[in-house]
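Engineer: Take this structure, written in structure tokens, and hold onto it; I'll ask about it next.
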2 protein chains.
Amino acid sequence: MKLYSYFRSSASYRVRIALNLKNLPYEYVPVHLVREGGEQLKSAYRKINPDAIVPAFIDDENHTIQQSLAIIEYLEETHPEPRLLPKSPADRAYVRSIALQIACEIHPLDNLRVLRYLKHTLGVDDAAKDAWYRHWIEAGFATLEERLANDPRTGTLCYGDTPTLADLCLVPQIYNAHRFKIDTARYPTIQRIHDHAVQLDAFVRAAPGVQPDAE
Amino acid sequence: MKLYSYFRSSASYRVRIALNLKNLPYEYVPVHLVREGGEQLKSAYRKINPDAIVPAFIDDENHTIQQSLAIIEYLEETHPEPRLLPKSPADRAYVRSIALQIACEIHPLDNLRVLRYLKHTLGVDDAAKDAWYRHWIEAGFATLEERLANDPRTGTLCYGDTPTLADLCLVPQIYNAHRFKIDTARYPTIQRIHDHAVQLDAFVRAAPGVQPDAE
């Protein structure tokens with residue numbers, strides 16, 4: 001198995017945690033998103049992912065899969081243990097809705113190509129660009145905090161005490177928040193879940209700072 | 001079952017198609033996103049979806065689910081026929097990756113709240129805002145066209161000849177593209193799939209123009 005990843009990419013980080021939780025060894029293929037205009041934009045990588053974003057995943061049967069959540073659902077279906085989604089459909093929907101809130105409402109707005117469009121095409125200055133970045137994280141975390149603080153399914157992690165797809169999306173999003181100096185202590189449930197999760201071995205080994213391409 | 005929907009919301013449109021394909025009757029609860037500052041922002045609706053976006057779904061056992069893709073996966077698990085995802089894990093991943101490309105890379109950037117931020121907070125003028133809207137659709141459609149045109153799994157629809165999650169995301173995104181006068185004929189495979197899909201009964205009945213709150 002191969003994972004095309006960039007150490008700082010939070011979507012890649014989600015998949016790294018999933019692979020670690022399921023004890024699946026994989027080859028780490030670094031794709032540098034910034035150096036020389038971005039390796040993801042070159043034709044060699046575009047053959048693997050025409051969207052020119054990371055991650056991309058190739059399994060042992062040579063199936064190429066794009067999109068972090070599609071990769072994780074695939075891993076869940078092909079390597080079901082340990083489970084990253086609960087058993088009951090209603091609880092699976094709950095966990096997916098948290099993951100998708102992060103993946104659809106927060107993360108896409110703060111992607112590198114979006115920040116570049118703001119700066120280079122719309123001429124937004126750095127202060128306004130950083131405010132944009134923080135705005136979408138803060139708006140999303142405020143409602144996520146409300147949900148997690150009030151739902152009886154919340155445990156030491158987003159859903160009970162074992163990692164699910166929701167935690168795989170939350171922890172990398174908090175990594176992004178910290179890069180932009182957002183004080184996540186304002187979201188006590190999110191903060192508590194984060195502090196617990198990042199101590200788990202699968203999360204420790206997936207962290208950006210310990211990847212082969214970390215700077 | 002209840003669907004909280006706005007006729008023009010493309011995320012709501014996805015779920016309407018799914019409910020129709022699975023022959024599930026539902027109560028349509030309109031949430032007007034524009035009138036009086038937006039019904040989605042009022043506390044009555046925020047109790048159902050704290051994120052203040054549509055759709056939200058409540059099933060017959062009173063489970064409330066947010067996020068269109070989580071709702072559709074839930075319907076797929078609780079009402080498996082007709083299937084909206086293929087049988088093999090690799091093909092399921094392929095279909096999900098198309099759906100997620102639209103749901104994560106295109107749609108979030110053109111959401112109402114994002115357009116409002118561009119206009120009111122960043123002071124972007126209408127022409128630049130419209131160019132932004134078109135940019136993300138065109139960038140996404142260009143790579144999606146490449147993928148669909150070259151993949152042997154493409155049929156009269158995104159995956160073979162029966163509707164899948166990919167078509168449920170593609171058709172509403174094309175509706176958005178047409179609202180902003182994007183010429184989708186430049187994407188011949190996407191155009192062909194769209195023209196076929198919109199004639200199917202489940203898609204006809206889910207179209208924005210025939211919803212109870214259509215204007």
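The chains in the structure tokens are called A, B, ... from first to last as shown; in each chain the residues are counted from 1, and the ligands are counted from 1 in the order shown.
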After least-squares alignment of chain A to chain B over all Cα atoms in order, what RMSD do you get?
Structural biologist: 0.0 Å
Engineer: Can you work out which residues from chain A touch chain B at a cut-off of 9 Å (counting only C-alpha atoms) and hand them back as a ChimeraX atom specification?
Structural biologist: /A:50-51,63-71,73-75,77-78,89-90,92-98,100-101,103-109,114,117,122,124,128,132,139-140,142-144,146-147
Engineer: How close does region 27-109 of chain A get to region 199-209 of chain A? List, as a tab-separated table, each residue of region 27-109 of chain A within 12 Å, its nearest atom pair and the distance in Å to one decimal, counting only C-alpha atoms.
Structural biologist:
```
residue	atom	partner	partner_atom	distance
A:Tyr28	CA	A:Ala206	CA	11.1
A:Pro30	CA	A:Pro208	CA	11.9
A:Pro82	CA	A:Ala202	CA	12.0
```
Engineer: Those same residues, written as a CSV table (one decimal), in the first residue's frame with N, CA and C atoms?
Structural biologist:
```csv
chain,number,residue,atom,x,y,z
A,28,TYR,N,5.2,5.5,2.5
A,28,TYR,CA,4.9,6.9,2.5
A,28,TYR,C,5.5,7.6,1.3
A,30,PRO,N,6.1,11.1,-0.3
A,30,PRO,CA,5.9,12.5,-0.1
A,30,PRO,C,5.6,13.3,-1.3
A,82,PRO,N,-9.6,-2.7,13.8
A,82,PRO,CA,-10.7,-2.2,14.7
A,82,PRO,C,-11.6,-1.3,13.9
```
Engineer: Taking the DSSP assignment computed from this structure's backbone, write out as JSON, numbers by chain all residues of region 25-173 of chain A that belong to alpha helix (DSSP H).
Structural biologist: {"A": [43, 44, 45, 46, 68, 69, 70, 71, 72, 73, 74, 75, 76, 77, 78, 89, 90, 91, 92, 93, 94, 95, 96, 97, 98, 99, 100, 112, 113, 114, 115, 116, 126, 127, 128, 129, 130, 131, 132, 133, 134, 135, 136, 137, 138, 139, 140, 141, 142, 143, 144, 145, 146, 147, 148, 149, 150, 165, 166, 167, 168, 169, 170, 171, 172, 173]}
Engineer: Rank B:Glu215, B:Glu27, B:Glu145, B:Asp161 by their smallest atom-to-atom distance to Pro86 (chain B), using only C-alpha atoms, and report the top residue only.
Structural biologist: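 Of B:Glu215, B:Glu27, B:Glu145, B:Asp161, the one nearest Pro86 (chain B) is B:Asp161, counting only C-alpha atoms.
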Engineer: Would you pick out the contacts of Ala18 (chain A) at 8 Å or less, using only C-alpha atoms, so that residues sharing its chain but fewer than 2 positions from it are not included, and give the list as an NGL selection string?
Structural biologist: :A and (14-16 or 20-22 or 72 or 75 or 84 or 168 or 202)
Engineer: I'd like to know which residues of region 10-211 of chain A are strand (DSSP E or B) (by DSSP, run on the backbone); could you write them as number ranges by chain?
Structural biologist: A: 27-30, 56-58, 64-66, 154, 160
Engineer: Can you tell me how far CA of Asn62 (chain B) sits from CA of Ile137 (chain A), in Å to one decimal?
Structural biologist: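 If I compute the distance from CA of Asn62 (chain B) to CA of Ile137 (chain A), I get 29.7 Å.
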Engineer: To one decimal place, how far is CA of Ser5 (chain B) from CA of Val29 (chain B) in Å?
Structural biologist: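 Answer for the CA of Ser5 (chain B) to CA of Val29 (chain B) separation: 6.1 Å.
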Engineer: Do a neighbour search on Tyr26 (chain A) at 10 Å with only C-alpha atoms, toss out local chain neighbours closer than 5 positions, and write the hits as a PyMOL selection string.
Structural biologist: chain A and resi 1-3+16+19-20+57-60
Engineer: Can you work out the spacing between CA of Pro152 (chain A) and CA of His196 (chain A) in Å, to one decimal?
Structural biologist: 17.9 Å
